[in-house]
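Visitor: Sharing a structure below in structure tokens format, with a few things to ask.
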Amino acid sequence: MGRGAYGASRDEGTRKHKAVDLVTTPGEAVSSPIDGKIGKHGFVHGDNKREHYYVEVEGTGKHAGMSVRILYFEKKSRLAIGTPVKAGQSKLGLSDDVRLRYGNRMKPHVHVQVKWHGKFIDPSLVLPDIRADKP
């Protein structure tokens with residue numbers, strides 16, 4: 001199983017990866033994978049407010065009950081909490097270069113987490129065209 005796959009081992013097997021990692025080019029536009037509204041956004045690493053941002057979309061309509069959090073945007077989201085978004089159409093932001101924090105041991109990527117009624121699920125089971133890449 002690839003290191004970016006859902007369920008991949010982390011921290012010497014003490015925990016599992018609860019997302020899929022999708023390789024990106026720094027500065028690449030990232031669209032919402034579901035219809036919904038912006039639920040939250042903030043800094044990935046609370047200790048560093050200069051790098052890595054996340055955006056969370058709360059599903060509506062056919063995506064009600066689902067939330068998707070995407071990590072590693074290059075700067076704070078310009079979308080206000082409550083802003084409606086459409087799958088594949090609404091740009092959430094531009095992907096960041098995670099090598100700035102993690103070095104060359106990791107390829108630039110976005111980290112996509114999906115919860116269904118508050119429980120983590122494999123994004124590849126519910127989002128079309130999502131597959132884990134190996135960052």
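Each chain of the structure tokens is named A, B, ... in the order shown, its residues numbered from 1; ligands are numbered from 1 in display order.
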Pick out the residues sitting within 7 Å of Gly65 in chain A, and hand them over as a list in words; count only C-alpha atoms, and ignore anything fewer than 3 positions along from it in its own chain.
Guide: Gly59, Trp116 and His117 of chain A
Visitor: May I have the residues within 8 Å of Pro123 in chain A as a PDB file with C-alpha atoms, in the first residue's frame, using only C-alpha atoms and disregarding those fewer than 6 positions away in the same chain?
Guide:
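Just written: out01.pdb:
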ATOM      1  CA  TYR A   6      -5.905   5.532   3.088  1.00  0.00           C
ATOM      2  CA  ALA A  19      -6.773  10.358   4.100  1.00  0.00           C
ATOM      3  CA  VAL A  20      -5.425  10.021   0.586  1.00  0.00           C
ATOM      4  CA  VAL A 112      -7.799  14.756   1.399  1.00  0.00           C
ATOM      5  CA  GLN A 113      -9.805  13.551   4.423  1.00  0.00           C
ATOM      6  CA  VAL A 114     -13.444  12.514   4.219  1.00  0.00           C
ATOM      7  CA  ILE A 130      -9.729  10.182  -6.277  1.00  0.00           C
TER       8      ILE A 130
END
Visitor: Quick one: residues within 6 Å of range 74-87 of chain A, only C-alpha atoms counted, chain neighbours fewer than 6 positions away excluded, as a ChimeraX atom specification?
Guide: /A:32-39,52-53,94-96
Visitor: Please, what distance in Å, to one decimal, runs between CA of Lys115 in chain A and CA of Lys40 in chain A?
Guide: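 That distance, rounded to one decimal, is 13.9 Å.
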Visitor: Taking 4 positions as the minimum chain separation for residues in the same chain, which residues sit within 10 Å of range 26-29 of chain A when counting only C-alpha atoms? Answer as a ChimeraX atom specification.
Guide: /A:72-74,90-99,107-110
Visitor: Put those residues in a file: C-alpha atoms, as a PDB file, in the first residue's frame.
Guide:
ATOM      1  CA  TYR A  72      -1.736  22.091   2.237  1.00  0.00           C
ATOM      2  CA  PHE A  73      -2.958  25.235   0.557  1.00  0.00           C
ATOM      3  CA  GLU A  74      -0.404  27.971   0.074  1.00  0.00           C
ATOM      4  CA  SER A  90     -15.359  25.974  -7.150  1.00  0.00           C
ATOM      5  CA  LYS A  91     -11.666  26.649  -6.595  1.00  0.00           C
ATOM      6  CA  LEU A  92     -10.723  26.294  -2.926  1.00  0.00           C
ATOM      7  CA  GLY A  93      -7.183  27.596  -3.316  1.00  0.00           C
ATOM      8  CA  LEU A  94      -3.709  26.830  -4.657  1.00  0.00           C
ATOM      9  CA  SER A  95      -1.656  23.860  -3.482  1.00  0.00           C
ATOM     10  CA  ASP A  96       1.391  24.582  -1.356  1.00  0.00           C
ATOM     11  CA  ASP A  97       4.868  23.097  -1.532  1.00  0.00           C
ATOM     12  CA  VAL A  98       5.082  20.805   1.519  1.00  0.00           C
ATOM     13  CA  ARG A  99       8.837  20.485   0.958  1.00  0.00           C
ATOM     14  CA  LYS A 107       6.482  15.254  -2.913  1.00  0.00           C
ATOM     15  CA  PRO A 108       4.179  18.271  -3.088  1.00  0.00           C
ATOM     16  CA  HIS A 109       0.626  17.045  -2.491  1.00  0.00           C
ATOM     17  CA  VAL A 110      -2.746  17.775  -0.967  1.00  0.00           C
TER      18      VAL A 110
END
Visitor: Select from chain A everything DSSP, run on the backbone, classes as helix (DSSP H, G or I), then give the selection as a count of residues only.
Guide: 17
Visitor: For a quick check of understanding, using only C-alpha atoms, which of A:Arg3, A:Val57, A:Gln89, A:Val44 has the smallest distance to Lys16 in chain A?
Guide: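 Smallest distance to Lys16 in chain A is found for A:Arg3.
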Visitor: Enter the distance from CA of Ala8 in chain A to CA of Leu125 in chain A, in Å, rounded to one decimal.
Guide: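 Between CA of Ala8 in chain A and CA of Leu125 in chain A the gap is 15.6 Å.
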Visitor: Between CA of Arg15 in chain A and CA of Met106 in chain A, measure the distance and give it in Å to one decimal.
Guide: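 Pair CA of Arg15 in chain A / CA of Met106 in chain A returns 18.7 Å.
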Visitor: Would you list, as an MDAnalysis selection string, the residues of range 3-125 of chain A that end up in strand (DSSP E or B) under DSSP run on this structure's backbone?
Guide: chainID A and resid 9:10 15:16 20:23 29:31 36:43 53:59 66:73 84:85 91:95 109:116 119:121
Visitor: Write the selection just made, keeping N, CA and C atoms, as a short mmCIF file (atom, residue, chain, number, x, y, z; two decimals), in the first residue's frame?
Guide:
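Printed below is again-v6.cif as written:
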data_model
loop_
_atom_site.label_atom_id
_atom_site.label_comp_id
_atom_site.auth_asym_id
_atom_site.auth_seq_id
_atom_site.Cartn_x
_atom_site.Cartn_y
_atom_site.Cartn_z
N SER A 9 0.39 2.90 7.03
CA SER A 9 0.99 2.98 8.35
C SER A 9 1.70 4.33 8.56
N ARG A 10 1.55 4.88 9.76
CA ARG A 10 2.22 6.12 10.16
C ARG A 10 2.87 5.91 11.52
N ARG A 15 -0.26 4.43 14.18
CA ARG A 15 -1.52 4.99 13.70
C ARG A 15 -1.63 4.77 12.19
N LYS A 16 -2.81 5.02 11.67
CA LYS A 16 -3.09 4.84 10.24
C LYS A 16 -3.40 6.19 9.60
N VAL A 20 -6.25 10.36 1.74
CA VAL A 20 -5.43 10.02 0.59
C VAL A 20 -4.62 11.27 0.24
N ASP A 21 -3.41 11.07 -0.23
CA ASP A 21 -2.55 12.17 -0.65
C ASP A 21 -2.51 12.17 -2.17
N LEU A 22 -2.77 13.33 -2.75
CA LEU A 22 -2.77 13.49 -4.19
C LEU A 22 -1.64 14.41 -4.59
N VAL A 23 -0.71 13.91 -5.38
CA VAL A 23 0.45 14.69 -5.81
C VAL A 23 -0.04 15.88 -6.64
N ALA A 29 -4.31 24.91 -8.93
CA ALA A 29 -5.64 25.17 -8.37
C ALA A 29 -6.28 23.86 -7.94
N VAL A 30 -6.92 23.88 -6.76
CA VAL A 30 -7.60 22.72 -6.20
C VAL A 30 -9.08 23.06 -6.07
N SER A 31 -9.93 22.21 -6.68
CA SER A 31 -11.38 22.43 -6.66
C SER A 31 -12.03 21.61 -5.56
N GLY A 36 -21.29 21.75 -1.57
CA GLY A 36 -21.44 22.06 -0.15
C GLY A 36 -21.23 23.51 0.14
N LYS A 37 -20.73 23.76 1.34
CA LYS A 37 -20.41 25.12 1.77
C LYS A 37 -19.15 25.06 2.61
N ILE A 38 -18.42 26.15 2.63
CA ILE A 38 -17.20 26.21 3.44
C ILE A 38 -17.61 26.14 4.90
N GLY A 39 -17.09 25.13 5.60
CA GLY A 39 -17.41 24.94 7.01
C GLY A 39 -16.35 25.50 7.94
N LYS A 40 -15.09 25.30 7.55
CA LYS A 40 -13.97 25.76 8.37
C LYS A 40 -12.79 26.01 7.45
N HIS A 41 -11.84 26.78 7.94
CA HIS A 41 -10.52 26.85 7.34
C HIS A 41 -9.57 27.39 8.40
N GLY A 42 -8.31 27.03 8.26
CA GLY A 42 -7.34 27.46 9.26
C GLY A 42 -5.95 26.94 8.94
N PHE A 43 -5.03 27.19 9.83
CA PHE A 43 -3.66 26.74 9.65
C PHE A 43 -3.51 25.28 10.06
N TYR A 53 -2.21 25.78 4.88
CA TYR A 53 -3.57 26.11 5.26
C TYR A 53 -4.49 24.94 4.89
N TYR A 54 -5.63 24.82 5.56
CA TYR A 54 -6.60 23.80 5.19
C TYR A 54 -7.96 24.45 4.95
N VAL A 55 -8.79 23.75 4.17
CA VAL A 55 -10.17 24.16 3.91
C VAL A 55 -11.04 22.94 4.12
N GLU A 56 -12.17 23.12 4.81
CA GLU A 56 -13.13 22.03 5.01
C GLU A 56 -14.46 22.41 4.37
N VAL A 57 -14.99 21.48 3.58
CA VAL A 57 -16.28 21.67 2.92
C VAL A 57 -17.29 20.74 3.57
N GLU A 58 -18.43 21.30 3.98
CA GLU A 58 -19.54 20.51 4.53
C GLU A 58 -20.51 20.25 3.39
N GLY A 59 -20.80 18.98 3.16
CA GLY A 59 -21.64 18.60 2.04
C GLY A 59 -23.09 19.06 2.16
N MET A 66 -21.60 14.43 4.60
CA MET A 66 -20.18 14.25 4.29
C MET A 66 -19.45 15.56 4.52
N SER A 67 -18.23 15.46 5.01
CA SER A 67 -17.36 16.63 5.06
C SER A 67 -16.00 16.22 4.49
N VAL A 68 -15.39 17.16 3.79
CA VAL A 68 -14.09 16.92 3.17
C VAL A 68 -13.14 18.02 3.63
N ARG A 69 -12.02 17.61 4.21
CA ARG A 69 -10.99 18.55 4.62
C ARG A 69 -9.77 18.31 3.74
N ILE A 70 -9.28 19.39 3.13
CA ILE A 70 -8.11 19.32 2.26
C ILE A 70 -7.02 20.18 2.89
N LEU A 71 -5.85 19.58 3.07
CA LEU A 71 -4.71 20.25 3.68
C LEU A 71 -3.66 20.61 2.65
N TYR A 72 -2.92 21.63 2.95
CA TYR A 72 -1.74 22.09 2.24
C TYR A 72 -2.06 23.04 1.10
N PHE A 73 -2.79 24.11 1.46
CA PHE A 73 -2.96 25.23 0.56
C PHE A 73 -1.88 26.24 0.88
N PRO A 84 -21.13 28.91 -0.58
CA PRO A 84 -21.48 27.69 -1.31
C PRO A 84 -20.40 27.33 -2.33
N VAL A 85 -20.15 26.04 -2.51
CA VAL A 85 -19.19 25.56 -3.50
C VAL A 85 -19.80 24.40 -4.28
N LYS A 91 -13.07 26.73 -6.99
CA LYS A 91 -11.67 26.65 -6.59
C LYS A 91 -11.53 26.99 -5.12
N LEU A 92 -10.92 26.08 -4.36
CA LEU A 92 -10.72 26.29 -2.93
C LEU A 92 -9.44 27.06 -2.64
N GLY A 93 -8.46 26.93 -3.52
CA GLY A 93 -7.18 27.60 -3.32
C GLY A 93 -6.11 26.96 -4.17
N LEU A 94 -4.86 27.34 -3.92
CA LEU A 94 -3.71 26.83 -4.66
C LEU A 94 -2.88 25.94 -3.75
N SER A 95 -2.44 24.80 -4.29
CA SER A 95 -1.66 23.86 -3.48
C SER A 95 -0.31 24.46 -3.10
N HIS A 109 1.91 17.74 -2.40
CA HIS A 109 0.63 17.05 -2.49
C HIS A 109 -0.42 17.77 -1.66
N VAL A 110 -1.68 17.39 -1.88
CA VAL A 110 -2.75 17.78 -0.97
C VAL A 110 -3.21 16.51 -0.26
N HIS A 111 -3.65 16.68 0.94
CA HIS A 111 -4.09 15.60 1.83
C HIS A 111 -5.61 15.73 1.91
N VAL A 112 -6.34 14.69 1.49
CA VAL A 112 -7.80 14.76 1.40
C VAL A 112 -8.42 13.79 2.41
N GLN A 113 -9.12 14.35 3.40
CA GLN A 113 -9.80 13.55 4.42
C GLN A 113 -11.31 13.64 4.18
N VAL A 114 -11.99 12.52 4.34
CA VAL A 114 -13.44 12.51 4.22
C VAL A 114 -14.04 11.91 5.48
N LYS A 115 -15.06 12.58 5.99
CA LYS A 115 -15.85 12.02 7.10
C LYS A 115 -17.29 11.86 6.62
N TRP A 116 -17.88 10.76 7.03
CA TRP A 116 -19.29 10.49 6.77
C TRP A 116 -19.97 10.45 8.12
N LYS A 119 -17.40 10.18 10.94
CA LYS A 119 -16.43 9.09 10.98
C LYS A 119 -15.60 9.09 9.71
N PHE A 120 -14.27 8.92 9.89
CA PHE A 120 -13.38 8.87 8.73
C PHE A 120 -13.72 7.70 7.83
N ILE A 121 -13.72 7.96 6.52
CA ILE A 121 -13.88 6.89 5.53
C ILE A 121 -12.85 7.10 4.43
#
